[in-house]
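Trainee: Before anything else, here's the structure in question.
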Amino acid sequence: MVYERCHENLQKLHMGCEKNRAYYVPYGDLKTALSGDREQSDYLTLLSGCDWKFKYFQSYDEIPDELTYYDADISRFDEIPVPSNWQLHGYDKPEYINTRFAIPNDYPNVPKKNPAGVYVREFDIEELETEKYLVFEGVDSCFYLYVNGEFAGYSQVSHMTSEFNITPYLKIGTNRITVVVLKWCDGTYIEVQDKWRMSGIFRDVYLLSRPKEHIKDIEVKTELSSDLCHADIKIKLETDIPVDTYVTLFDPEGAKIATVIPMDDGSVCVPLDNPILWTAETPDLYTAIIESANEFIPVKIGVRRVEIVDCVLKINNQAVKFKGVNRHDFNPFTGYHCTVEDMTRDLYKMKCHNINTVRTSHYPNDPRFLELCDRIGMYVMDETDLECHPAQLLDPERDNISDKPEWKAAYIDRVSRMVERDKNHACIFSWSMGNESNYGINIIEMIEWTKNRDGSRPVHYQASNYFSNERNCTCYKPEPDINSVMYASPQYGFEYANNPAPDRERPLFFCEYSHAMGNGPGDVKDYWDVFYKEPKLAGGCVWEWFN
């Protein structure tokens, strides 16, 4: 086992991980790239969707070192499906927690008896001329990675992608990865979301084979003229090694518009007259195909502008009322593992009920969910994997993690990983800094980082309206662009909209209202009478969606 206990070290959030990048999958030809079905890619080898060897331990410290070796005897291991949560397969038990820590309040330490699972998967490699990247899309709560017996990395943030270049550890023939997943880590203290608590590798795992000179990252921005009659689609490519690259743009009907060679700095600008605009009601998407080093990378592009004008949230110059729901990435039978069919069914049922907005409570969803929201048409408030509700309820001076400098790196890490992964999705109208985590310098640092990184979307934080006002909002700069409340009355919304105070000169979003968990909700009409009447009120999200 690796000597250093990263899971209790706030300075060791990741080891061996690649730099954060936008989500995309490369393909071997134009036709499959246009299909958008990643499992058809010649460059992707899916390692999940099957049983892995698995052994459960009551404590991480009980795992023998030799189990991580390449030739470890795993003949007596059990088998478990990946993706899944081990609590749904006879190991440990799921626990529903809302407002308390799952472990004693001793951050950043976790209990000595920390349950863990050892996962083993073997696969064959036929060539080592390309770079091999191992991608985990979701693991709760953290994991140590070994490849052919060598320590290859560590990562946390449960609902986020971790990518490792494992080329140096591989060999021609059969290779073995061993993944040691811990139930708790220091990140557990800031993953206290109101949900079922379960552990394991719960999203897909796959291997990407990429040429050494491949595209490292892609960023897309759309700039619209004030009259919406002209747009510039701007694409910025990041690569370490210059290579011939072509960017071809197709319109929403599939007709080719142009093929452009990037500038020396990797930038591309394609001007469009009378662009077809994206909204949740008209989810029309352009497609860019980036051809480089025998890779074809598709990027769906929605041309739209999000802005706040006179305290009103607008999409493409039109005021929008966000008729939303809070949604967990959850299936009652498979836990945190949601299939594309699960996500698609959710979205179509939402559309049938006149829902146009999802708040990803309270963590980023599977990246394919955002692809579906782009295509089907759904506004998304993308929320950071951050909640430390107990710190909001206990002694605010002693327990406010959001105001402790030693946690700053963890907070910034979480929001930056979300923004970098999801930055190219038209459906995202707002970045949310998290949920029920009090207020403090770390939240402010997240807001500042996000505004500096992406000024094209407003920033939201659930607790801003409560705590910044309570503690003199002048101490908290920069502020979110959107004020937010939970379970306030319709009358509160009316009073807010008619209050000229400086801290009310922002749209108000009811990020949770009309509690519908169990019994049916009431007073929805009373809320919407006020929402429609008052331009400052942007709408809200019912707690919570379940299909």
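A note on labels: chains of the structure tokens are A, B, ... as shown, every chain counts residues from 1, and ligands are counted from 1 in their shown order.
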So which residues of range 5-66 of chain A fall under alpha helix (DSSP H) by DSSP, listed as a list in words?
Mentor: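 Matching residues for alpha helix (DSSP H) in range 5-66 of chain A are Leu30, Lys31, Thr32, Ala33, Leu34 and Ser35 of chain A.
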Trainee: Could you save the residues just selected, with all heavy atoms, as a compact mmCIF listing (two decimals), in the first residue's frame?
Mentor:
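Printed below is out-v7.txt as written:
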```txt
# COMPACT_ATOMS: atom_id res chain seq x y z
N LEU A 30 -14.97 10.18 -39.18
CA LEU A 30 -15.99 11.23 -39.13
C LEU A 30 -17.38 10.66 -38.84
O LEU A 30 -18.14 11.24 -38.04
CB LEU A 30 -16.01 11.99 -40.46
CG LEU A 30 -17.07 13.09 -40.59
CD1 LEU A 30 -16.86 14.17 -39.54
CD2 LEU A 30 -17.04 13.69 -41.99
N LYS A 31 -17.71 9.54 -39.43
CA LYS A 31 -19.06 8.99 -39.29
C LYS A 31 -19.37 8.66 -37.84
O LYS A 31 -20.43 9.03 -37.31
CB LYS A 31 -19.22 7.74 -40.17
CG LYS A 31 -20.62 7.15 -40.11
CD LYS A 31 -20.74 5.93 -41.03
CE LYS A 31 -22.13 5.32 -40.95
NZ LYS A 31 -22.25 4.13 -41.84
N THR A 32 -18.48 7.93 -37.17
CA THR A 32 -18.75 7.58 -35.78
C THR A 32 -18.66 8.81 -34.88
O THR A 32 -19.36 8.90 -33.87
CB THR A 32 -17.78 6.49 -35.28
OG1 THR A 32 -16.43 6.88 -35.56
CG2 THR A 32 -18.07 5.16 -35.95
N ALA A 33 -17.80 9.77 -35.24
CA ALA A 33 -17.74 11.00 -34.45
C ALA A 33 -19.08 11.73 -34.49
O ALA A 33 -19.56 12.24 -33.48
CB ALA A 33 -16.63 11.91 -34.97
N LEU A 34 -19.70 11.78 -35.66
CA LEU A 34 -20.99 12.45 -35.79
C LEU A 34 -22.10 11.69 -35.06
O LEU A 34 -23.10 12.28 -34.65
CB LEU A 34 -21.35 12.61 -37.26
CG LEU A 34 -20.53 13.65 -38.04
CD1 LEU A 34 -20.82 13.57 -39.53
CD2 LEU A 34 -20.79 15.06 -37.52
N SER A 35 -21.92 10.38 -34.87
CA SER A 35 -22.93 9.61 -34.14
C SER A 35 -22.99 9.99 -32.67
O SER A 35 -24.05 9.92 -32.04
CB SER A 35 -22.65 8.10 -34.26
OG SER A 35 -21.59 7.71 -33.38
```
Trainee: Could you give me, as a PDB file with N, CA, C and O atoms, in the first residue's frame, the residues within 12 Å of Val309 in chain A, counting only C-alpha atoms and dropping anything in the same chain fewer than 5 positions from it?
Mentor:
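Final output, result_37.pdb:
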```
ATOM      1  N   LYS A 314     -31.806  36.783 -18.453  1.00  0.00           N
ATOM      2  CA  LYS A 314     -32.272  36.682 -19.824  1.00  0.00           C
ATOM      3  C   LYS A 314     -31.436  35.683 -20.615  1.00  0.00           C
ATOM      4  O   LYS A 314     -30.233  35.573 -20.408  1.00  0.00           O
ATOM      5  N   ILE A 315     -32.097  34.984 -21.517  1.00  0.00           N
ATOM      6  CA  ILE A 315     -31.449  34.125 -22.506  1.00  0.00           C
ATOM      7  C   ILE A 315     -31.765  34.718 -23.872  1.00  0.00           C
ATOM      8  O   ILE A 315     -32.938  34.859 -24.239  1.00  0.00           O
ATOM      9  N   ASN A 316     -30.747  35.092 -24.605  1.00  0.00           N
ATOM     10  CA  ASN A 316     -30.952  35.663 -25.947  1.00  0.00           C
ATOM     11  C   ASN A 316     -31.931  36.830 -25.924  1.00  0.00           C
ATOM     12  O   ASN A 316     -32.879  36.904 -26.725  1.00  0.00           O
ATOM     13  N   ASN A 317     -31.709  37.742 -24.977  1.00  0.00           N
ATOM     14  CA  ASN A 317     -32.499  38.974 -24.841  1.00  0.00           C
ATOM     15  C   ASN A 317     -33.906  38.755 -24.300  1.00  0.00           C
ATOM     16  O   ASN A 317     -34.670  39.719 -24.158  1.00  0.00           O
ATOM     17  N   GLN A 318     -34.277  37.515 -23.992  1.00  0.00           N
ATOM     18  CA  GLN A 318     -35.621  37.234 -23.493  1.00  0.00           C
ATOM     19  C   GLN A 318     -35.567  36.857 -22.017  1.00  0.00           C
ATOM     20  O   GLN A 318     -34.765  36.009 -21.607  1.00  0.00           O
ATOM     21  N   ALA A 319     -36.430  37.488 -21.224  1.00  0.00           N
ATOM     22  CA  ALA A 319     -36.539  37.094 -19.817  1.00  0.00           C
ATOM     23  C   ALA A 319     -37.042  35.657 -19.729  1.00  0.00           C
ATOM     24  O   ALA A 319     -37.950  35.253 -20.465  1.00  0.00           O
ATOM     25  N   VAL A 320     -36.438  34.891 -18.842  1.00  0.00           N
ATOM     26  CA  VAL A 320     -36.801  33.481 -18.687  1.00  0.00           C
ATOM     27  C   VAL A 320     -37.233  33.227 -17.254  1.00  0.00           C
ATOM     28  O   VAL A 320     -36.611  33.705 -16.307  1.00  0.00           O
ATOM     29  N   PRO A 458     -23.827  33.529 -15.071  1.00  0.00           N
ATOM     30  CA  PRO A 458     -23.887  34.056 -13.704  1.00  0.00           C
ATOM     31  C   PRO A 458     -23.571  32.981 -12.671  1.00  0.00           C
ATOM     32  O   PRO A 458     -23.778  31.788 -12.909  1.00  0.00           O
ATOM     33  N   ASP A 481     -23.876  36.411  -8.545  1.00  0.00           N
ATOM     34  CA  ASP A 481     -24.691  37.239  -9.434  1.00  0.00           C
ATOM     35  C   ASP A 481     -26.179  37.056  -9.182  1.00  0.00           C
ATOM     36  O   ASP A 481     -26.991  37.897  -9.560  1.00  0.00           O
ATOM     37  N   ILE A 482     -26.518  35.914  -8.575  1.00  0.00           N
ATOM     38  CA  ILE A 482     -27.914  35.563  -8.315  1.00  0.00           C
ATOM     39  C   ILE A 482     -28.093  35.376  -6.821  1.00  0.00           C
ATOM     40  O   ILE A 482     -27.343  34.622  -6.189  1.00  0.00           O
ATOM     41  N   GLU A 505     -30.413  44.113  -5.534  1.00  0.00           N
ATOM     42  CA  GLU A 505     -30.280  44.458  -6.947  1.00  0.00           C
ATOM     43  C   GLU A 505     -29.686  43.305  -7.739  1.00  0.00           C
ATOM     44  O   GLU A 505     -28.724  43.455  -8.484  1.00  0.00           O
ATOM     45  N   ARG A 506     -30.259  42.154  -7.531  1.00  0.00           N
ATOM     46  CA  ARG A 506     -29.888  40.940  -8.254  1.00  0.00           C
ATOM     47  C   ARG A 506     -31.137  40.084  -8.424  1.00  0.00           C
ATOM     48  O   ARG A 506     -32.072  40.177  -7.624  1.00  0.00           O
ATOM     49  N   PRO A 507     -31.165  39.217  -9.430  1.00  0.00           N
ATOM     50  CA  PRO A 507     -32.300  38.290  -9.523  1.00  0.00           C
ATOM     51  C   PRO A 507     -32.344  37.394  -8.287  1.00  0.00           C
ATOM     52  O   PRO A 507     -31.313  37.103  -7.677  1.00  0.00           O
ATOM     53  N   PRO A 535     -40.507  40.796 -12.188  1.00  0.00           N
ATOM     54  CA  PRO A 535     -39.396  40.485 -13.102  1.00  0.00           C
ATOM     55  C   PRO A 535     -38.119  40.035 -12.400  1.00  0.00           C
ATOM     56  O   PRO A 535     -37.353  39.248 -12.966  1.00  0.00           O
ATOM     57  N   LYS A 536     -37.868  40.524 -11.170  1.00  0.00           N
ATOM     58  CA  LYS A 536     -36.649  40.143 -10.450  1.00  0.00           C
ATOM     59  C   LYS A 536     -36.624  38.663 -10.069  1.00  0.00           C
ATOM     60  O   LYS A 536     -35.552  38.108  -9.822  1.00  0.00           O
TER      61      LYS A 536
END
```
Trainee: Counting only C-alpha atoms, what are the residues of range 287-351 of chain A within 10 Å of range 185-200 of chain A, and for each of them which pair of atoms is the nearest and at what distance in Å, to one decimal? Sort the table by chain and rising number, as a Markdown table.
Mentor:
```
| residue | atom | partner | partner_atom | distance |
| --- | --- | --- | --- | --- |
| A:His328 | CA | A:Lys195 | CA | 8.1 |
| A:Phe330 | CA | A:Trp196 | CA | 9.2 |
| A:Gly335 | CA | A:Met198 | CA | 7.8 |
| A:Tyr336 | CA | A:Met198 | CA | 7.9 |
```
Trainee: Using only C-alpha atoms, please write the residues we just selected to a file, as a PDB file, in the first residue's frame.
Mentor:
```
ATOM      1  CA  HIS A 328     -30.273  13.544  -7.851  1.00  0.00           C
ATOM      2  CA  PHE A 330     -30.071   8.234  -8.637  1.00  0.00           C
ATOM      3  CA  GLY A 335     -28.161   3.550  -6.542  1.00  0.00           C
ATOM      4  CA  TYR A 336     -25.816   6.201  -7.892  1.00  0.00           C
TER       5      TYR A 336
END
```
Trainee: Can you tell me, as a PyMOL selection string, what residues are no more than 7 Å from range 495-498 of chain A when counting only C-alpha atoms, ignoring any on the same chain fewer than 3 positions away?
Mentor: chain A and resi 491-492+504+534+536-537
Trainee: Which residue gives the smallest distance to Cys17 in chain A among A:Gly153, A:Pro252, A:Pro104, A:Pro298, with only C-alpha atoms counted?
Mentor: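 Smallest separation from Cys17 in chain A among the options: A:Gly153.
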Trainee: Ranking A:Phe101, A:His337, A:Ser225, A:Lys19 by minimum distance to Asn165 in chain A and counting only C-alpha atoms, which one comes first?
Mentor: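 Nearest to Asn165 in chain A: A:Lys19.
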Trainee: A:Asp374, A:Glu436, A:Glu445, A:Glu127: which is nearest Asp422 in chain A, counting only C-alpha atoms?
Mentor: A:Asp374
Trainee: Near Phe123 in chain A, within 7 Å and counting only C-alpha atoms, which residues show up once chain neighbours fewer than 6 positions away are dropped, as a PyMOL selection string?
Mentor: chain A and resi 174-176
Trainee: Using only C-alpha atoms, which of the listed residues (A:Thr279, A:Asn483, A:Ser432, A:Asn438) sits closest to Tyr379 in chain A?
Mentor: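 Once distances to Tyr379 in chain A are computed over only C-alpha atoms, the minimum belongs to A:Thr279.
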Trainee: Counting only C-alpha atoms, what is within 10 Å of Leu347 in chain A, bar same-chain residues fewer than 6 positions away, as a VMD selection string?
Mentor: chain A and resid 341 353 355 to 358 369 372 to 373 376 to 378 547
Trainee: Would you mind exporting N, CA and C atoms of the selected residues as a PDB file, in the first residue's frame?
Mentor:
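So the final result, stored in part_20.pdb, reads:
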```pdb
ATOM      1  N   GLU A 341     -30.491   5.622 -20.484  1.00  0.00           N
ATOM      2  CA  GLU A 341     -31.940   5.454 -20.576  1.00  0.00           C
ATOM      3  C   GLU A 341     -32.641   6.081 -19.380  1.00  0.00           C
ATOM      4  N   HIS A 353     -44.110  17.721 -18.375  1.00  0.00           N
ATOM      5  CA  HIS A 353     -44.720  18.445 -17.259  1.00  0.00           C
ATOM      6  C   HIS A 353     -44.324  19.926 -17.236  1.00  0.00           C
ATOM      7  N   ILE A 355     -41.524  21.372 -17.280  1.00  0.00           N
ATOM      8  CA  ILE A 355     -40.311  21.701 -16.525  1.00  0.00           C
ATOM      9  C   ILE A 355     -39.222  22.064 -17.528  1.00  0.00           C
ATOM     10  N   ASN A 356     -38.541  23.183 -17.287  1.00  0.00           N
ATOM     11  CA  ASN A 356     -37.505  23.600 -18.232  1.00  0.00           C
ATOM     12  C   ASN A 356     -36.123  23.730 -17.598  1.00  0.00           C
ATOM     13  N   THR A 357     -36.006  23.378 -16.302  1.00  0.00           N
ATOM     14  CA  THR A 357     -34.748  23.621 -15.582  1.00  0.00           C
ATOM     15  C   THR A 357     -34.436  22.486 -14.617  1.00  0.00           C
ATOM     16  N   VAL A 358     -33.155  22.135 -14.532  1.00  0.00           N
ATOM     17  CA  VAL A 358     -32.666  21.165 -13.542  1.00  0.00           C
ATOM     18  C   VAL A 358     -31.535  21.802 -12.757  1.00  0.00           C
ATOM     19  N   PHE A 369     -25.461  13.300 -19.108  1.00  0.00           N
ATOM     20  CA  PHE A 369     -26.706  13.990 -18.782  1.00  0.00           C
ATOM     21  C   PHE A 369     -26.708  15.396 -19.383  1.00  0.00           C
ATOM     22  N   LEU A 372     -27.396  15.278 -23.040  1.00  0.00           N
ATOM     23  CA  LEU A 372     -28.827  15.107 -23.280  1.00  0.00           C
ATOM     24  C   LEU A 372     -29.583  16.413 -23.078  1.00  0.00           C
ATOM     25  N   CYS A 373     -29.192  17.182 -22.066  1.00  0.00           N
ATOM     26  CA  CYS A 373     -29.854  18.470 -21.826  1.00  0.00           C
ATOM     27  C   CYS A 373     -29.606  19.432 -22.970  1.00  0.00           C
ATOM     28  N   ILE A 376     -31.929  17.706 -25.891  1.00  0.00           N
ATOM     29  CA  ILE A 376     -33.376  17.652 -25.658  1.00  0.00           C
ATOM     30  C   ILE A 376     -33.928  19.032 -25.314  1.00  0.00           C
ATOM     31  N   GLY A 377     -33.104  19.845 -24.671  1.00  0.00           N
ATOM     32  CA  GLY A 377     -33.498  21.196 -24.311  1.00  0.00           C
ATOM     33  C   GLY A 377     -33.887  21.317 -22.857  1.00  0.00           C
ATOM     34  N   MET A 378     -32.909  21.639 -22.001  1.00  0.00           N
ATOM     35  CA  MET A 378     -33.171  21.811 -20.568  1.00  0.00           C
ATOM     36  C   MET A 378     -32.125  22.767 -20.021  1.00  0.00           C
ATOM     37  N   ASN A 547     -38.618  10.124 -10.750  1.00  0.00           N
ATOM     38  CA  ASN A 547     -39.409   9.557 -11.843  1.00  0.00           C
ATOM     39  C   ASN A 547     -39.916   8.189 -11.420  1.00  0.00           C
TER      40      ASN A 547
END
```
